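Written out below as structure tokens is the structure these notes cover.
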Amino acid sequence: MPLKSFKPNTPSARYKNLPTFEEITKKKPEKSLLKPLKRTGGRNNTGRITCRHIGGGHKRHYRLVDFKRRKHDMPAKVVGIEYDPNRTCRIALIQYEDGQKSYILAPVGLKTGASVVSGSKVAANVGNAMPLAEVPLGTSIHNIELIPGNGGKVARAAGQEAILSSRDGGWALVKMPSGEIRRFNERCFCTIGQVGNRDHMNEISGKAGRTRWQGIRPTVRGMCMNPVDHPNGGGEGKSKSGGGRQHLLSPWGHAKGEKTRDHKKTTSVFIVESRHKRKKK
């Protein structure tokens with residue numbers, strides 16, 4: 001999906017890079033697949049802020065996306081490609097032969113009028129869902145299940161794709177978008193193709209107001225705060241000795257760069273090769 005730039009008539013337009021939305025073929029969402037989406041402002045049930053920098057933003061409805069694709073061996077026709085304000089990729093509205101409608105993630109190359117199907121004995125075409133045991137080796141896949149039947153969890157963001165490397169003893173080895181090689185049960189379903197909207201990473205909003213429309217509030221650096229508010233706060237001016245630059249910490253005191261993954265996590269046995277390259281001696 002191409003991006004469009006603007007004449008630098010204003011400071012906000014000088015570096016702005018926004019999508020053209022030319023792949024969108026359906027403007028209004030399907031009402032039967034909408035759900036109210038309540039905004040929390042980053043607060044939990046007691047009113048405390050548990051996730052900072054969240055608040056405001058445009059009102060949204062949640063689109064009920066089918067990540068499980070459990071309607072097997074029944075072809076569905078792509079009715080249109082839509083914009084989804086809740087995710088970075090586009091979504092496709094499909095309609096099955098029995099009249100039921102559903103949303104799926106729109107992969108690269110999926111067009112209006114195309115036919116998609118899910119099942120064990122289907123062709124490895126873009127948009128089709130099938131178990132890892134039936135996918136040809138070297139195929140680009142997305143929306144991969146971690147547990148059979150639980151719905152796709154892996155590689156769902158814009159432009160993401162994983163590669164099926166090999167299969168052995170009921171397990172499939174998949175190279176993740178991060179570079180990690182991970183084992184999956186070969187009965188886990190996945191969808192063929194790469195997630196669409198590949199140019200999302202190159203978008204530049206151009207102004208702070210667009211970020212506020214998305215519900216993201218400003219972020220203040222810890223160095224600008226007082227010692228009571230942040231571990232990096234305090235000091236006379238931009239102090240390098242005792243005013244925040246000598247210890248890079250998070251607001252809760254964790255050192256930046258500290259590993260946060262539990263080394264005893266049970267799912268670590270499924271990681272064949274870490275995404276972190278080993279340092280050469």
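Chains: A, B, ... in order of the structure tokens. Residues: from 1 per chain. Ligands: from 1, in order shown.
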For this session: Using only C-alpha atoms, determine which residues lie at most 7 Å from A:Ser12, disregarding the query and same-chain residues fewer than 3 positions distant; provide the list as a list in words.
Result: Tyr15, Lys16, Gly206 and Lys207 of chain A
I need the residues from that last selection saved to file as a PDB file, in the first residue's frame (with N, CA and C atoms), if you can.
```
ATOM      1  N   TYR A  15       6.877  16.840   6.926  1.00  0.00           N
ATOM      2  CA  TYR A  15       7.389  15.460   6.959  1.00  0.00           C
ATOM      3  C   TYR A  15       6.271  14.424   6.971  1.00  0.00           C
ATOM      4  N   LYS A  16       5.039  14.869   6.794  1.00  0.00           N
ATOM      5  CA  LYS A  16       3.896  13.966   6.932  1.00  0.00           C
ATOM      6  C   LYS A  16       3.885  12.911   5.830  1.00  0.00           C
ATOM      7  N   GLY A 206       3.127  13.562  11.393  1.00  0.00           N
ATOM      8  CA  GLY A 206       3.377  14.949  11.050  1.00  0.00           C
ATOM      9  C   GLY A 206       3.025  15.955  12.125  1.00  0.00           C
ATOM     10  N   LYS A 207       2.143  15.601  13.037  1.00  0.00           N
ATOM     11  CA  LYS A 207       1.760  16.564  14.072  1.00  0.00           C
ATOM     12  C   LYS A 207       1.292  15.827  15.316  1.00  0.00           C
TER      13      LYS A 207
END
```
Please provide the set of residues having any atom within 7 Å of stretch 76-93 of chain A, restricted to only C-alpha atoms, with same-chain residues fewer than 4 positions apart removed, written as a PDB file with N, CA and C atoms, in the first residue's frame.
```
ATOM      1  N   GLU A  23      -6.639   0.792  -1.044  1.00  0.00           N
ATOM      2  CA  GLU A  23      -7.082  -0.603  -1.003  1.00  0.00           C
ATOM      3  C   GLU A  23      -8.423  -0.770  -0.313  1.00  0.00           C
ATOM      4  N   ILE A  24      -8.926   0.290   0.344  1.00  0.00           N
ATOM      5  CA  ILE A  24     -10.219   0.219   1.026  1.00  0.00           C
ATOM      6  C   ILE A  24     -11.337   0.241  -0.021  1.00  0.00           C
ATOM      7  N   THR A  25     -12.186  -0.779   0.002  1.00  0.00           N
ATOM      8  CA  THR A  25     -13.286  -0.856  -0.964  1.00  0.00           C
ATOM      9  C   THR A  25     -14.649  -0.748  -0.306  1.00  0.00           C
ATOM     10  N   LYS A  26     -14.693  -0.797   1.028  1.00  0.00           N
ATOM     11  CA  LYS A  26     -15.966  -0.731   1.745  1.00  0.00           C
ATOM     12  C   LYS A  26     -15.816   0.275   2.871  1.00  0.00           C
ATOM     13  N   LYS A  27     -16.607   1.353   2.817  1.00  0.00           N
ATOM     14  CA  LYS A  27     -16.455   2.455   3.767  1.00  0.00           C
ATOM     15  C   LYS A  27     -17.143   2.172   5.108  1.00  0.00           C
ATOM     16  N   TYR A  62     -15.533  -1.857  18.255  1.00  0.00           N
ATOM     17  CA  TYR A  62     -14.656  -3.009  18.046  1.00  0.00           C
ATOM     18  C   TYR A  62     -15.231  -3.887  16.947  1.00  0.00           C
ATOM     19  N   GLU A  97     -21.262 -19.350   2.102  1.00  0.00           N
ATOM     20  CA  GLU A  97     -22.346 -19.769   1.216  1.00  0.00           C
ATOM     21  C   GLU A  97     -23.690 -19.820   1.920  1.00  0.00           C
ATOM     22  N   LYS A 101     -21.714 -13.787   7.709  1.00  0.00           N
ATOM     23  CA  LYS A 101     -20.622 -12.869   7.432  1.00  0.00           C
ATOM     24  C   LYS A 101     -19.606 -12.890   8.565  1.00  0.00           C
ATOM     25  N   SER A 102     -18.362 -12.578   8.227  1.00  0.00           N
ATOM     26  CA  SER A 102     -17.303 -12.613   9.231  1.00  0.00           C
ATOM     27  C   SER A 102     -16.172 -11.705   8.774  1.00  0.00           C
ATOM     28  N   TYR A 103     -15.362 -11.240   9.737  1.00  0.00           N
ATOM     29  CA  TYR A 103     -14.169 -10.455   9.443  1.00  0.00           C
ATOM     30  C   TYR A 103     -12.935 -11.344   9.593  1.00  0.00           C
ATOM     31  N   ILE A 104     -11.966 -11.171   8.689  1.00  0.00           N
ATOM     32  CA  ILE A 104     -10.651 -11.804   8.825  1.00  0.00           C
ATOM     33  C   ILE A 104      -9.594 -10.739   8.558  1.00  0.00           C
ATOM     34  N   LEU A 105      -8.350 -11.008   8.976  1.00  0.00           N
ATOM     35  CA  LEU A 105      -7.254 -10.104   8.648  1.00  0.00           C
ATOM     36  C   LEU A 105      -7.003 -10.153   7.145  1.00  0.00           C
ATOM     37  N   ALA A 106      -6.808  -8.995   6.532  1.00  0.00           N
ATOM     38  CA  ALA A 106      -6.625  -8.925   5.082  1.00  0.00           C
ATOM     39  C   ALA A 106      -5.145  -9.094   4.730  1.00  0.00           C
ATOM     40  N   THR A 112     -11.245  -8.013  -3.497  1.00  0.00           N
ATOM     41  CA  THR A 112     -12.695  -8.176  -3.432  1.00  0.00           C
ATOM     42  C   THR A 112     -13.153  -9.147  -4.516  1.00  0.00           C
ATOM     43  N   GLY A 113     -14.036 -10.067  -4.137  1.00  0.00           N
ATOM     44  CA  GLY A 113     -14.525 -11.077  -5.071  1.00  0.00           C
ATOM     45  C   GLY A 113     -13.773 -12.385  -5.007  1.00  0.00           C
ATOM     46  N   ALA A 114     -12.623 -12.399  -4.323  1.00  0.00           N
ATOM     47  CA  ALA A 114     -11.850 -13.634  -4.200  1.00  0.00           C
ATOM     48  C   ALA A 114     -12.561 -14.611  -3.274  1.00  0.00           C
ATOM     49  N   SER A 115     -12.164 -15.872  -3.351  1.00  0.00           N
ATOM     50  CA  SER A 115     -12.757 -16.929  -2.520  1.00  0.00           C
ATOM     51  C   SER A 115     -11.718 -17.441  -1.539  1.00  0.00           C
ATOM     52  N   VAL A 116     -12.116 -17.574  -0.277  1.00  0.00           N
ATOM     53  CA  VAL A 116     -11.234 -18.118   0.751  1.00  0.00           C
ATOM     54  C   VAL A 116     -11.955 -19.273   1.437  1.00  0.00           C
ATOM     55  N   VAL A 117     -11.165 -20.199   1.979  1.00  0.00           N
ATOM     56  CA  VAL A 117     -11.744 -21.367   2.644  1.00  0.00           C
ATOM     57  C   VAL A 117     -10.767 -21.842   3.709  1.00  0.00           C
ATOM     58  N   ALA A 157       0.062  -8.324  13.185  1.00  0.00           N
ATOM     59  CA  ALA A 157       0.197  -6.889  12.939  1.00  0.00           C
ATOM     60  C   ALA A 157       0.499  -6.635  11.465  1.00  0.00           C
ATOM     61  N   ALA A 158       0.402  -5.373  11.067  1.00  0.00           N
ATOM     62  CA  ALA A 158       0.595  -4.987   9.676  1.00  0.00           C
ATOM     63  C   ALA A 158       1.975  -5.400   9.179  1.00  0.00           C
ATOM     64  N   VAL A 195       0.505 -10.423   6.251  1.00  0.00           N
ATOM     65  CA  VAL A 195      -0.498  -9.438   6.655  1.00  0.00           C
ATOM     66  C   VAL A 195      -0.309  -8.167   5.832  1.00  0.00           C
ATOM     67  N   GLY A 196      -1.424  -7.561   5.425  1.00  0.00           N
ATOM     68  CA  GLY A 196      -1.379  -6.395   4.556  1.00  0.00           C
ATOM     69  C   GLY A 196      -0.936  -5.125   5.255  1.00  0.00           C
ATOM     70  N   ASN A 197      -1.029  -4.008   4.517  1.00  0.00           N
ATOM     71  CA  ASN A 197      -0.620  -2.677   4.999  1.00  0.00           C
ATOM     72  C   ASN A 197       0.847  -2.684   5.411  1.00  0.00           C
TER      73      ASN A 197
END
```
If you count only C-alpha atoms, which residues fall within 6 Å of A:Ser165, apart from same-chain ones fewer than 3 positions away, as a PDB file with N, CA and C atoms, in the first residue's frame?
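Everything below was put into selection.pdb:
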```pdb
ATOM      1  N   LEU A 137       6.369 -26.375   2.929  1.00  0.00           N
ATOM      2  CA  LEU A 137       7.524 -25.775   3.583  1.00  0.00           C
ATOM      3  C   LEU A 137       7.968 -24.520   2.826  1.00  0.00           C
ATOM      4  N   GLY A 138       8.388 -23.511   3.585  1.00  0.00           N
ATOM      5  CA  GLY A 138       8.835 -22.264   2.993  1.00  0.00           C
ATOM      6  C   GLY A 138       7.731 -21.272   2.710  1.00  0.00           C
ATOM      7  N   LEU A 173       8.509 -26.235  12.872  1.00  0.00           N
ATOM      8  CA  LEU A 173       9.443 -25.172  13.206  1.00  0.00           C
ATOM      9  C   LEU A 173       9.129 -23.953  12.349  1.00  0.00           C
ATOM     10  N   VAL A 174       8.849 -22.842  13.011  1.00  0.00           N
ATOM     11  CA  VAL A 174       8.439 -21.621  12.322  1.00  0.00           C
ATOM     12  C   VAL A 174       9.414 -20.500  12.676  1.00  0.00           C
TER      13      VAL A 174
END
```
Exercise. So how many Å separate atom CA of A:Gly215 and atom CA of A:Lys28, to one decimal?
Worked result: 21.9 Å
Problem set entry | Selected residue of minimal separation from A:Leu249 among A:Ile163, A:Ile181, A:Met223, A:Val126, counting only C-alpha atoms | A:Met223
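Distance check against A:Asn128 using only C-alpha atoms: of A:Gly99, A:His72, A:Leu164, A:Glu145, the minimum falls on A:His72.
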Exercise. Using the chain letters and numbers from this document, which residues of stretch 81-265 of chain A does DSSP assign to alpha helix (DSSP H), as a PyMOL selection string?
Worked result: chain A and resi 208-213
For the residues in that selection, give me N, CA and C atoms as a compact mmCIF listing (two decimals), in the first residue's frame.
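Result written to selection-v9.txt:
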```txt
# COMPACT_ATOMS: atom_id res chain seq x y z
N ALA A 208 1.35 16.52 16.44
CA ALA A 208 0.98 15.91 17.71
C ALA A 208 -0.51 15.63 17.79
N GLY A 209 -1.30 16.45 17.09
CA GLY A 209 -2.75 16.28 17.18
C GLY A 209 -3.22 14.93 16.68
N ARG A 210 -2.56 14.41 15.66
CA ARG A 210 -2.96 13.10 15.14
C ARG A 210 -2.73 12.00 16.17
N THR A 211 -1.67 12.15 16.96
CA THR A 211 -1.41 11.20 18.03
C THR A 211 -2.49 11.27 19.10
N ARG A 212 -2.98 12.48 19.39
CA ARG A 212 -4.05 12.64 20.36
C ARG A 212 -5.35 12.03 19.85
N TRP A 213 -5.59 12.09 18.54
CA TRP A 213 -6.79 11.45 17.98
C TRP A 213 -6.77 9.95 18.25
```
For this session: Give the strand (DSSP E or B) residues of stretch 65-177 of chain A, as assigned by DSSP on the backbone, as a ChimeraX atom specification.
Result: /A:65,72,76-82,91-96,101-105,107,115-116,118,129-131,140-142,144-145,152-154,162-168,171-175
Exercise. When distances are computed from only C-alpha atoms, which of A:Leu110, A:His263, A:Leu3, A:His53 shows the smallest separation from A:Thr219?
Worked result: A:His53
Exercise. Could you work out how far atom CA of A:Glu203 lies from atom CA of A:Arg221, giving the answer in Å with one decimal?
Worked result: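 Atom-to-atom, atom CA of A:Arg221 and atom CA of A:Glu203 are spaced 23.9 Å apart.
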Exercise. From the set A:Cys188, A:Ala155, A:Asn232, A:Lys111, which residue has the shortest atom-to-atom contact distance to A:Leu132, counting only C-alpha atoms?
Worked result: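 Of all the options, A:Cys188 lies closest to A:Leu132.
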